[in-house]
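Next comes data.txt, with compact mmCIF, C-alpha atoms.
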# COMPACT_ATOMS: atom_id res chain seq x y z
CA MET S 1 -27.74 -12.84 -2.29
CA ASN S 2 -29.47 -10.76 0.29
CA THR S 3 -28.42 -11.01 3.91
CA VAL S 4 -30.23 -10.13 7.07
CA ASP S 5 -29.13 -6.64 8.01
CA ALA S 6 -27.72 -7.17 11.48
CA VAL S 7 -25.51 -4.09 11.46
CA SER S 8 -26.76 -1.01 13.24
CA THR S 9 -26.41 2.27 11.38
CA GLU S 10 -26.83 4.45 14.42
CA SER S 11 -23.13 5.29 14.30
CA PRO S 12 -21.44 6.55 11.13
CA TYR S 13 -18.20 4.99 12.39
CA GLN S 14 -18.38 1.21 12.40
CA SER S 15 -15.38 0.12 10.36
CA TYR S 16 -12.92 1.48 7.82
CA VAL S 17 -13.44 -0.84 4.83
CA TYR S 18 -10.30 -0.69 2.70
CA ALA S 19 -10.43 -4.36 1.66
CA TYR S 20 -13.08 -7.05 1.52
CA PRO S 21 -13.30 -9.50 3.17
CA HIS S 22 -11.69 -8.06 6.29
CA LYS S 23 -8.54 -9.83 7.45
CA THR S 24 -10.22 -10.84 10.73
CA ALA S 25 -12.42 -13.16 8.64
CA TYR S 26 -9.37 -15.14 7.47
CA ARG S 27 -8.74 -18.55 9.05
CA PRO S 28 -6.02 -21.21 8.74
CA LEU S 29 -6.30 -23.10 5.46
CA PRO S 30 -6.18 -26.83 6.29
CA GLU S 31 -4.91 -27.80 2.84
CA ARG S 32 -2.25 -25.05 2.76
CA PRO S 33 -2.62 -24.77 -1.02
CA ALA S 34 0.49 -24.30 -3.12
CA LEU S 35 0.87 -20.78 -4.53
CA ALA S 36 1.73 -22.17 -7.95
CA GLY S 37 -1.71 -23.76 -8.14
CA LEU S 38 -3.48 -20.69 -6.78
CA TRP S 39 -1.96 -18.40 -9.40
CA ARG S 40 -2.21 -20.81 -12.34
CA GLY S 41 -4.66 -19.42 -14.87
CA GLU S 42 -5.03 -16.08 -13.06
CA LYS S 43 -4.91 -12.78 -14.93
CA GLN S 44 -1.35 -11.56 -14.33
CA ASP S 45 -0.76 -8.73 -16.79
CA ALA S 46 -1.48 -5.89 -14.31
CA LEU S 47 -0.70 -7.06 -10.79
CA SER S 48 -0.16 -4.95 -7.69
CA LEU S 49 2.94 -5.57 -5.58
CA TYR S 50 2.95 -4.77 -1.87
CA LEU S 51 5.96 -5.08 0.45
CA HIS S 52 5.28 -4.88 4.19
CA VAL S 53 7.81 -3.54 6.69
CA PRO S 54 6.50 -4.29 10.23
CA PHE S 55 8.65 -1.85 12.23
CA CYS S 56 8.02 1.58 13.75
CA GLU S 57 10.02 3.87 16.01
CA VAL S 58 6.94 4.42 18.21
CA ARG S 59 3.39 3.08 18.29
CA CYS S 60 0.66 5.69 18.14
CA GLY S 61 -2.22 5.37 20.56
CA PHE S 62 -4.76 4.69 17.80
CA CYS S 63 -2.66 2.23 15.77
CA ASN S 64 -3.83 -1.35 15.28
CA LEU S 65 -1.55 -2.11 12.34
CA PHE S 66 0.68 -5.15 12.32
CA THR S 67 3.94 -3.62 13.53
CA ARG S 68 6.48 -3.82 16.33
CA ILE S 69 8.33 -1.02 18.07
CA GLY S 70 12.05 -1.03 17.44
CA SER S 71 14.10 -4.04 16.44
CA PRO S 72 16.89 -5.97 18.17
CA GLU S 73 20.30 -5.95 16.54
CA GLY S 74 20.16 -7.83 13.25
CA LEU S 75 16.38 -8.25 13.05
CA THR S 76 15.82 -5.94 10.09
CA THR S 77 18.57 -7.75 8.18
CA ALA S 78 17.03 -11.12 9.03
CA TYR S 79 13.62 -9.80 8.02
CA LEU S 80 14.90 -8.65 4.63
CA ASP S 81 16.60 -12.05 4.22
CA ALA S 82 13.21 -13.72 4.77
CA LEU S 83 11.50 -11.23 2.47
CA GLU S 84 13.99 -12.06 -0.28
CA ARG S 85 13.46 -15.78 0.33
CA GLN S 86 9.73 -15.33 0.11
CA ALA S 87 10.02 -13.17 -3.02
CA GLY S 88 12.00 -15.85 -4.83
CA GLN S 89 9.44 -18.54 -4.05
CA VAL S 90 6.46 -16.33 -4.85
CA ARG S 91 7.94 -15.20 -8.16
CA ALA S 92 8.48 -18.84 -9.11
CA ALA S 93 4.76 -19.44 -8.51
CA LEU S 94 3.72 -16.67 -10.90
CA ALA S 95 3.61 -16.89 -14.68
CA ALA S 96 6.86 -16.19 -16.48
CA ASP S 97 5.29 -13.15 -18.15
CA ALA S 98 3.57 -11.82 -15.01
CA ARG S 99 3.71 -8.03 -14.95
CA PHE S 100 3.27 -5.48 -12.16
CA ALA S 101 1.29 -2.30 -12.85
CA LEU S 102 1.94 -0.59 -9.50
CA ALA S 103 3.77 -1.12 -6.23
CA ALA S 104 3.63 0.06 -2.63
CA PHE S 105 5.78 -0.20 0.49
CA GLY S 106 3.76 -0.04 3.70
CA GLY S 107 3.80 -1.08 7.30
CA GLY S 108 4.60 -0.26 9.92
CA THR S 109 6.91 2.40 8.62
CA PRO S 110 9.03 1.42 5.58
CA THR S 111 11.36 4.35 6.25
CA TYR S 112 12.23 2.78 9.60
CA LEU S 113 14.75 0.92 7.43
CA THR S 114 18.09 2.61 6.80
CA ALA S 115 18.91 4.04 3.39
CA ALA S 116 20.96 0.94 2.56
CA GLU S 117 18.12 -1.32 3.68
CA LEU S 118 15.67 0.64 1.53
CA GLU S 119 17.99 0.03 -1.42
CA ARG S 120 17.79 -3.66 -0.69
CA LEU S 121 14.01 -3.50 -0.39
CA CYS S 122 13.85 -1.94 -3.85
CA ASP S 123 16.27 -4.57 -5.17
CA ILE S 124 13.93 -7.32 -3.94
CA ALA S 125 10.99 -5.70 -5.70
CA GLU S 126 12.95 -5.20 -8.92
CA SER S 127 15.52 -7.95 -9.25
CA THR S 128 13.65 -10.78 -7.54
CA MET S 129 10.02 -9.93 -8.30
CA GLY S 130 10.62 -8.25 -11.65
CA ALA S 131 8.78 -5.00 -10.93
CA ASP S 132 10.18 -2.01 -12.83
CA LEU S 133 9.83 0.58 -10.08
CA ARG S 134 10.88 3.48 -12.29
CA ALA S 135 8.20 2.67 -14.86
CA ILE S 136 5.19 2.12 -12.61
CA PRO S 137 3.58 4.09 -9.76
CA LEU S 138 5.29 3.41 -6.43
CA SER S 139 3.82 4.65 -3.15
CA VAL S 140 5.78 4.64 0.13
CA GLU S 141 4.63 5.47 3.66
CA ALA S 142 6.85 7.46 6.00
CA SER S 143 6.84 9.19 9.38
CA PRO S 144 8.33 12.62 10.08
CA ASP S 145 11.22 11.34 12.17
CA THR S 146 12.27 8.70 9.62
CA ALA S 147 11.87 10.93 6.55
CA THR S 148 15.59 11.73 6.52
CA ALA S 149 17.35 13.16 3.51
CA ASP S 150 19.37 10.00 2.77
CA ARG S 151 16.30 7.75 2.89
CA LEU S 152 14.26 10.12 0.74
CA ARG S 153 17.09 10.31 -1.78
CA VAL S 154 17.03 6.53 -2.20
CA LEU S 155 13.28 6.49 -2.67
CA VAL S 156 13.33 9.24 -5.30
CA GLU S 157 16.20 7.64 -7.20
CA ARG S 158 14.40 4.28 -7.21
CA GLY S 159 11.24 5.74 -8.73
CA THR S 160 8.88 6.57 -5.88
CA THR S 161 6.02 8.64 -7.27
CA ARG S 162 4.06 9.13 -4.03
CA LEU S 163 5.34 9.74 -0.50
CA SER S 164 2.68 9.55 2.22
CA LEU S 165 3.59 11.26 5.49
CA GLY S 166 1.67 10.35 8.63
CA VAL S 167 1.24 13.66 10.45
CA GLN S 168 -2.24 13.27 12.06
CA SER S 169 -2.13 16.74 13.64
CA PHE S 170 0.07 19.81 13.36
CA LEU S 171 -0.85 20.81 16.92
CA ASP S 172 1.44 19.38 19.58
CA GLY S 173 -1.34 19.08 22.17
CA GLU S 174 -3.53 17.05 19.83
CA ALA S 175 -0.61 14.82 18.89
CA ARG S 176 -0.03 14.10 22.59
CA ALA S 177 -3.74 13.33 23.07
CA ALA S 178 -3.51 10.77 20.26
CA VAL S 179 -0.41 9.30 21.95
CA ARG S 180 1.79 10.36 19.05
CA PRO S 181 4.90 12.00 20.48
CA GLN S 182 5.97 14.53 17.88
CA LYS S 183 6.62 18.24 17.60
CA ARG S 184 5.31 20.48 14.86
CA ALA S 185 8.80 21.75 14.17
CA ALA S 186 9.92 18.20 13.34
CA VAL S 187 6.89 17.71 11.09
CA GLU S 188 7.55 20.93 9.20
CA ALA S 189 11.22 20.06 8.80
CA ALA S 190 10.29 16.63 7.43
CA LEU S 191 7.85 18.19 4.96
CA GLY S 192 10.61 20.51 3.80
CA ARG S 193 12.89 17.54 3.14
CA VAL S 194 10.12 15.71 1.28
CA ARG S 195 9.43 18.71 -0.96
CA ASP S 196 13.15 19.24 -1.56
CA ALA S 197 13.49 15.60 -2.60
CA GLY S 198 11.02 16.17 -5.43
CA PHE S 199 8.39 13.46 -5.14
CA PRO S 200 5.65 14.02 -7.75
CA VAL S 201 2.92 13.39 -5.18
CA LEU S 202 2.95 14.26 -1.48
CA ASN S 203 0.15 12.92 0.67
CA ILE S 204 -0.44 14.10 4.24
CA ASP S 205 -2.52 12.01 6.65
CA LEU S 206 -4.59 13.87 9.26
CA ILE S 207 -6.96 12.60 11.97
CA TYR S 208 -10.15 14.17 13.35
CA GLY S 209 -12.01 13.28 16.51
CA ILE S 210 -9.02 13.61 18.85
CA GLU S 211 -9.88 14.47 22.44
CA GLY S 212 -9.96 18.25 22.87
CA GLN S 213 -10.03 18.92 19.13
CA THR S 214 -12.38 21.67 18.00
CA ALA S 215 -13.56 22.91 14.63
CA ALA S 216 -11.13 25.81 14.94
CA SER S 217 -8.14 23.62 15.83
CA TRP S 218 -9.06 21.17 13.05
CA VAL S 219 -9.11 23.92 10.44
CA LYS S 220 -5.83 25.27 11.83
CA SER S 221 -4.23 21.85 11.29
CA LEU S 222 -5.72 21.64 7.81
CA ASP S 223 -4.34 25.06 6.91
CA ALA S 224 -0.91 24.04 8.14
CA ALA S 225 -1.07 21.06 5.78
CA LEU S 226 -2.41 23.17 2.91
CA SER S 227 0.53 25.55 3.20
CA TRP S 228 2.63 22.72 1.69
CA ARG S 229 0.18 22.35 -1.22
CA PRO S 230 0.06 18.57 -0.99
CA GLU S 231 -1.24 16.78 -4.04
CA GLU S 232 -3.30 14.56 -1.73
CA LEU S 233 -4.76 14.71 1.75
CA TYR S 234 -6.28 11.83 3.68
CA LEU S 235 -8.65 12.73 6.51
CA TYR S 236 -9.18 9.83 8.91
CA PRO S 237 -11.76 9.65 11.70
CA LEU S 238 -10.20 8.53 14.96
CA TYR S 239 -11.09 4.99 16.02
CA VAL S 240 -10.28 3.51 19.43
CA ARG S 241 -9.73 -0.19 18.84
CA PRO S 242 -8.98 -3.13 21.17
CA LEU S 243 -5.40 -3.59 22.36
CA THR S 244 -4.25 -0.18 21.09
CA GLY S 245 -2.75 2.40 23.43
CA LEU S 246 -5.97 4.40 23.53
CA GLY S 247 -8.07 1.24 23.72
CA ARG S 248 -6.25 -0.07 26.78
CA HIS S 249 -7.04 3.13 28.69
CA SER S 250 -10.60 3.62 27.53
CA ALA S 251 -13.39 1.54 29.01
CA ASP S 252 -16.05 3.40 27.09
CA GLY S 253 -17.06 2.69 23.53
CA PRO S 254 -18.14 5.26 20.96
CA SER S 255 -20.76 7.70 22.20
CA PRO S 256 -23.38 9.70 20.29
CA GLU S 257 -21.54 12.85 21.32
CA TRP S 258 -18.25 11.59 19.89
CA ASP S 259 -19.99 10.44 16.70
CA ALA S 260 -21.54 13.89 16.33
CA GLN S 261 -18.16 15.54 16.90
CA ARG S 262 -16.44 13.37 14.28
CA LEU S 263 -19.23 13.88 11.75
CA ALA S 264 -19.14 17.66 12.26
CA LEU S 265 -15.35 17.73 11.90
CA TYR S 266 -15.53 15.57 8.77
CA ARG S 267 -17.97 17.99 7.16
CA ALA S 268 -15.90 20.98 8.20
CA GLY S 269 -12.76 19.41 6.75
CA ARG S 270 -14.49 18.33 3.56
CA ASP S 271 -16.00 21.75 2.96
CA HIS S 272 -12.70 23.49 3.72
CA LEU S 273 -10.77 21.35 1.24
CA LEU S 274 -13.41 21.69 -1.46
CA ALA S 275 -13.25 25.48 -1.05
CA GLU S 276 -9.46 25.30 -1.37
CA GLY S 277 -9.63 23.58 -4.76
CA TYR S 278 -9.47 19.92 -3.76
CA GLU S 279 -11.65 17.18 -5.24
CA GLN S 280 -13.17 14.46 -3.06
CA VAL S 281 -12.09 10.99 -4.22
CA SER S 282 -13.59 9.07 -1.29
CA MET S 283 -14.69 9.73 2.27
CA ARG S 284 -11.02 9.96 3.26
CA MET S 285 -9.12 11.00 0.15
CA PHE S 286 -8.94 14.48 -1.35
CA ARG S 287 -6.85 15.40 -4.41
CA ARG S 288 -5.79 18.89 -5.43
CA ALA S 289 -7.44 19.77 -8.73
CA GLY S 290 -4.97 19.60 -11.60
CA ALA S 291 -2.23 18.04 -9.46
CA ALA S 292 -0.09 15.09 -10.51
CA ARG S 293 -1.66 11.72 -9.83
CA ALA S 294 0.05 8.86 -8.07
CA SER S 295 -1.39 6.21 -10.39
CA ALA S 296 -2.27 6.10 -14.05
CA GLY S 297 -5.22 3.87 -13.23
CA GLU S 298 -4.04 0.78 -15.14
CA TYR S 299 -4.59 -1.43 -12.10
CA ALA S 300 -8.19 -2.05 -11.01
CA CYS S 301 -8.55 -3.30 -7.44
CA GLN S 302 -11.90 -4.94 -8.29
CA THR S 303 -10.49 -7.24 -10.96
CA ASP S 304 -6.68 -7.41 -10.80
CA GLY S 305 -4.66 -9.52 -8.40
CA MET S 306 -2.30 -8.42 -5.66
CA VAL S 307 0.93 -10.02 -4.50
CA GLY S 308 1.88 -9.24 -0.91
CA LEU S 309 5.32 -9.90 0.57
CA GLY S 310 6.15 -9.70 4.27
CA CYS S 311 4.44 -11.11 7.31
CA GLY S 312 1.81 -8.36 7.47
CA ALA S 313 0.87 -8.47 3.79
CA ARG S 314 -2.10 -10.06 2.11
CA SER S 315 -2.48 -11.36 -1.44
CA TYR S 316 -5.50 -11.64 -3.72
CA THR S 317 -6.33 -14.10 -6.44
CA SER S 318 -9.80 -14.35 -7.96
CA LYS S 319 -10.56 -17.44 -5.87
CA LEU S 320 -8.63 -16.93 -2.63
CA HIS S 321 -7.46 -14.05 -0.45
CA TYR S 322 -4.59 -15.11 1.80
CA SER S 323 -2.04 -13.80 4.27
CA PHE S 324 0.03 -14.67 7.31
CA ASP S 325 -1.22 -14.40 10.88
CA TYR S 326 -2.36 -11.04 12.28
CA ALA S 327 -2.12 -9.49 15.75
CA VAL S 328 -1.96 -6.16 17.55
CA ASP S 329 -0.60 -7.22 20.95
CA ALA S 330 3.15 -6.61 21.08
CA ARG S 331 4.06 -10.12 22.22
CA GLU S 332 1.97 -11.75 19.51
CA VAL S 333 3.42 -9.46 16.86
CA ARG S 334 6.96 -10.34 17.95
CA ARG S 335 6.12 -14.05 17.80
CA ILE S 336 4.69 -13.81 14.29
CA ILE S 337 7.69 -11.82 13.03
CA ASP S 338 10.11 -14.31 14.61
CA ASP S 339 8.25 -17.21 12.96
CA TYR S 340 8.36 -15.41 9.61
CA VAL S 341 12.07 -14.68 9.86
CA ALA S 342 12.80 -18.34 10.65
CA ALA S 343 10.54 -19.84 7.97
CA PRO S 344 12.29 -21.64 5.09
CA ASP S 345 9.15 -22.27 3.01
CA PHE S 346 6.86 -19.60 1.61
CA SER S 347 5.41 -21.63 -1.23
CA ARG S 348 1.98 -22.21 0.35
CA ALA S 349 -0.91 -20.07 1.58
CA GLU S 350 -1.39 -20.23 5.35
CA LEU S 351 -4.54 -18.24 6.23
CA GLY S 352 -7.25 -16.96 3.99
CA TRP S 353 -10.81 -16.70 2.71
CA GLU S 354 -12.16 -18.50 -0.34
CA MET S 355 -14.00 -16.22 -2.74
CA THR S 356 -17.37 -17.40 -4.02
CA ASP S 357 -19.29 -15.73 -6.84
CA GLU S 358 -21.39 -13.86 -4.26
CA GLU S 359 -18.33 -12.65 -2.37
CA THR S 360 -16.72 -11.50 -5.62
CA ARG S 361 -19.82 -9.42 -6.41
CA ARG S 362 -19.83 -7.98 -2.90
CA ARG S 363 -16.15 -7.10 -3.15
CA HIS S 364 -16.66 -5.40 -6.51
CA LEU S 365 -19.52 -3.35 -5.08
CA VAL S 366 -17.62 -2.40 -1.91
CA GLN S 367 -14.44 -1.46 -3.77
CA SER S 368 -16.41 0.69 -6.24
CA LEU S 369 -19.27 2.24 -4.30
CA LEU S 370 -17.08 3.67 -1.53
CA GLN S 371 -15.11 5.65 -4.12
CA GLY S 372 -16.37 8.98 -5.35
CA GLU S 373 -16.62 7.76 -8.95
CA GLY S 374 -18.94 4.95 -7.86
CA VAL S 375 -19.95 1.78 -9.70
CA ASP S 376 -19.76 1.59 -13.48
CA LEU S 377 -23.09 -0.18 -14.05
CA ALA S 378 -22.21 -1.25 -17.59
CA GLY S 379 -18.92 -2.69 -16.39
CA TYR S 380 -20.65 -4.51 -13.54
CA ARG S 381 -23.17 -6.03 -15.95
CA ALA S 382 -20.45 -7.04 -18.39
CA ARG S 383 -18.61 -8.85 -15.60
CA PHE S 384 -21.53 -10.45 -13.76
CA GLY S 385 -24.48 -10.40 -16.16
CA SER S 386 -26.64 -8.54 -13.67
CA SER S 387 -26.92 -5.21 -11.87
CA PRO S 388 -26.08 -4.33 -8.26
CA HIS S 389 -29.78 -3.55 -7.71
CA GLN S 390 -30.67 -7.11 -8.78
CA ASP S 391 -27.96 -8.69 -6.65
CA PHE S 392 -28.33 -6.56 -3.51
CA PRO S 393 -31.85 -5.07 -3.51
CA ALA S 394 -32.26 -4.96 0.28
CA GLU S 395 -28.92 -3.27 0.95
CA LEU S 396 -29.18 -0.72 -1.86
CA GLY S 397 -32.85 -0.11 -1.10
CA GLY S 398 -31.93 0.74 2.46
CA PHE S 399 -29.20 3.10 1.30
CA ALA S 400 -31.62 4.84 -1.05
CA GLU S 401 -34.15 5.32 1.75
CA ARG S 402 -31.47 7.08 3.79
CA GLY S 403 -30.57 9.37 0.89
CA TRP S 404 -27.15 7.77 0.53
CA LEU S 405 -27.33 6.94 -3.20
CA ALA S 406 -27.30 8.87 -6.43
CA GLU S 407 -27.07 7.95 -10.13
CA ASP S 408 -25.37 10.17 -12.65
CA ALA S 409 -26.03 10.66 -16.35
CA ASP S 410 -23.07 8.45 -17.28
CA GLY S 411 -24.66 5.35 -15.84
CA ARG S 412 -22.76 5.14 -12.58
CA LEU S 413 -24.17 4.29 -9.17
CA LEU S 414 -22.77 6.81 -6.70
CA LEU S 415 -22.89 7.67 -3.06
CA SER S 416 -24.47 11.05 -2.41
CA PRO S 417 -22.44 13.57 -0.38
CA GLU S 418 -24.28 12.32 2.71
CA GLY S 419 -23.60 8.74 1.67
CA LEU S 420 -19.86 9.44 1.45
CA ALA S 421 -20.02 10.84 4.99
CA TRP S 422 -21.52 7.51 6.12
CA SER S 423 -19.06 5.31 4.20
CA ASP S 424 -17.86 3.57 7.38
CA ALA S 425 -21.44 2.43 8.05
CA ILE S 426 -22.25 1.58 4.44
CA GLY S 427 -19.26 -0.71 3.89
CA PRO S 428 -20.07 -3.10 6.77
CA ARG S 429 -23.70 -3.34 5.62
CA LEU S 430 -22.43 -4.95 2.42
CA PHE S 431 -20.59 -7.75 4.23
CA SER S 432 -22.00 -11.24 3.76
CA ALA S 433 -23.43 -13.18 6.70
CA GLY S 434 -20.42 -15.53 6.55
CA VAL S 435 -17.89 -12.72 6.76
CA ARG S 436 -19.79 -11.08 9.62
CA GLU S 437 -19.89 -14.37 11.50
CA ARG S 438 -16.15 -14.92 11.11
CA MET S 439 -15.37 -11.37 12.16
CA ALA S 440 -17.61 -11.69 15.22
CA GLU S 441 -15.80 -14.90 16.23
CA TYR S 442 -12.38 -13.27 15.95
CA ALA S 443 -10.71 -12.68 19.33
CA PRO S 444 -8.36 -9.66 19.24
CA ARG S 445 -4.83 -10.53 20.27
The structure in this file should be written as structure tokens.
Amino acid sequence: MNTVDAVSTESPYQSYVYAYPHKTAYRPLPERPALAGLWRGEKQDALSLYLHVPFCEVRCGFCNLFTRIGSPEGLTTAYLDALERQAGQVRAALAADARFALAAFGGGTPTYLTAAELERLCDIAESTMGADLRAIPLSVEASPDTATADRLRVLVERGTTRLSLGVQSFLDGEARAAVRPQKRAAVEAALGRVRDAGFPVLNIDLIYGIEGQTAASWVKSLDAALSWRPEELYLYPLYVRPLTGLGRHSADGPSPEWDAQRLALYRAGRDHLLAEGYEQVSMRMFRRAGAARASAGEYACQTDGMVGLGCGARSYTSKLHYSFDYAVDAREVRRIIDDYVAAPDFSRAELGWEMTDEETRRRHLVQSLLQGEGVDLAGYRARFGSSPHQDFPAELGGFAERGWLAEDADGRLLLSPEGLAWSDAIGPRLFSAGVRERMAEYAPR
């Protein structure tokens, strides 16, 4: 199962690995398999439900998510009509006793929708898909400008346990440098509304590596976030990707100086949060010690399936990962959304990646190792009849040589503190040769 290591580790910042395989490895599925066949026989007692809303009021300079800016009259209604159509056909493909263990609304910006449209979104999740949103963890992403009192009221009443607010920086100059037009006063006002609404878990997203950002300004932004005592904080390194606002105006790629700046800011942020009573869950995620948790942990991303609705969502079965088309360019995004809105049939998978036994082992390792709690070696052996060291000796041997690995007394394979810092280099090194080849062939659009 070893692969030739063709990925350089000179930079700590190669790719944010939040799912494996990466969506750019997906290709059209010639057979367009029926969803009913794909889900037949799958474990469906603890599924994840994801609803994608591909609209934003503005597009940040670093954003390469599948989203469009604004919407012509009637488009959000037409999109929800299509989402409800899709939900009905997808639910029919699942087992009658299929059960959802958690749910999330993402995008885009779900709170771009009006309060009434958010009600309808929740109705689709509950009435059509059968997810009991008040009984399971529900996470929703929001932006400061769209976190209005009426929208937040709907989300609280419908059972949202975690509200994630994309702030990125509390300093107006840094926000402008990241091409994110916002004012701190608006951010603070939005945070006040979120806290007044009473969500059990508030997450604040922040970015480091912005042009002109210093250690002092980074800590100042962190302290502004900490004043709200968020249950969670996500610290993201800035990436400049193709076709984004920053990418279109930057001819230069990452430099050693920028890598050094981001790594120094990461360490400063990590140390600051640890000193303030936060626990590190992954390279990006920090949780306040003793705070409420967004999820009870019933769903395991390594083993349980995911059902994605919306044209930017992906779904996972044990044998196939599938989705709709993906793009960043505004014209391509509009085309894909228009095609989705007009589609009558959502009963088949369009694009995807077939999961082999090797890819399943790689996914399990990626999804576990990049988390602070690491890989449960006994659980891995029970599932696969082997150990990660047996399956991936070259990769793990290389990590060990760099001081990136540790093993604790409870029989878990962990990343060391330095390994966590290099998570965005470690993840890509675990990709198979086939996934790397597909990703290299992908032409951004």
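For the pair CA of Leu377 (chain S) and CA of Gly411 (chain S), the separation is 6.0 Å.
Here the question is which of S:Asn203, S:Asp145, S:Ala443, S:Gly198 gets nearest to Val328 (chain S) using only C-alpha atoms, and that residue is S:Ala443.
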Nearest to Arg381 (chain S) by atom-to-atom distance, counting only C-alpha atoms, from S:Ala185, S:Leu222, S:Ile124, S:Leu365: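 Comparing S:Ala185, S:Leu222, S:Ile124, S:Leu365 against Arg381 (chain S), the winner is S:Leu365.
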Spatial neighbours of Met129 (chain S), 9 Å, only C-alpha atoms, chain gap at least 4 places, as a ChimeraX atom specification: /S:49,87-88,90-91,100,123-125
Interatomic distance, CA of Asp376 (chain S) to CA of Arg412 (chain S) (Å, one decimal): 4.7 Å
Straight-line distance linking CA of Gly385 (chain S) with CA of His364 (chain S), stated in Å to one decimal: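 According to the coordinates, CA of Gly385 (chain S) and CA of His364 (chain S) are separated by 13.4 Å.
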Spatial neighbours of region 311-313 of chain S, 9 Å, only C-alpha atoms, chain gap at least 2 places, as a ChimeraX atom specification: /S:50-54,65-67,83,106-108,307-309,315,322-326,336-337,340-341
Keeping only C-alpha atoms, write the selected residues as a tab-separated table (two decimals), in the frame of the given file.
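Result written to part11.tsv:
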chain	number	residue	atom	x	y	z
S	50	TYR	CA	2.95	-4.77	-1.87
S	51	LEU	CA	5.96	-5.08	0.45
S	52	HIS	CA	5.28	-4.88	4.19
S	53	VAL	CA	7.81	-3.54	6.69
S	54	PRO	CA	6.50	-4.29	10.23
S	65	LEU	CA	-1.55	-2.11	12.34
S	66	PHE	CA	0.68	-5.15	12.32
S	67	THR	CA	3.94	-3.62	13.53
S	83	LEU	CA	11.50	-11.23	2.47
S	106	GLY	CA	3.76	-0.04	3.70
S	107	GLY	CA	3.80	-1.08	7.30
S	108	GLY	CA	4.60	-0.26	9.92
S	307	VAL	CA	0.93	-10.02	-4.50
S	308	GLY	CA	1.88	-9.24	-0.91
S	309	LEU	CA	5.32	-9.90	0.57
S	315	SER	CA	-2.48	-11.36	-1.44
S	322	TYR	CA	-4.59	-15.11	1.80
S	323	SER	CA	-2.04	-13.80	4.27
S	324	PHE	CA	0.03	-14.67	7.31
S	325	ASP	CA	-1.22	-14.40	10.88
S	326	TYR	CA	-2.36	-11.04	12.28
S	336	ILE	CA	4.69	-13.81	14.29
S	337	ILE	CA	7.69	-11.82	13.03
S	340	TYR	CA	8.36	-15.41	9.61
S	341	VAL	CA	12.07	-14.68	9.86
Counting only C-alpha atoms, the option among S:Tyr26, S:Tyr18, S:Trp39, S:Trp218 closest to Met306 (chain S):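 Smallest distance to Met306 (chain S) is found for S:Trp39.
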Who sits within 7 Å of Gly209 (chain S), all atoms listed in the file, same chain under 5 positions skipped, as a list in words: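 Contacts, in chain order: Pro237, Leu238, Gln261 and Arg262 of chain S.
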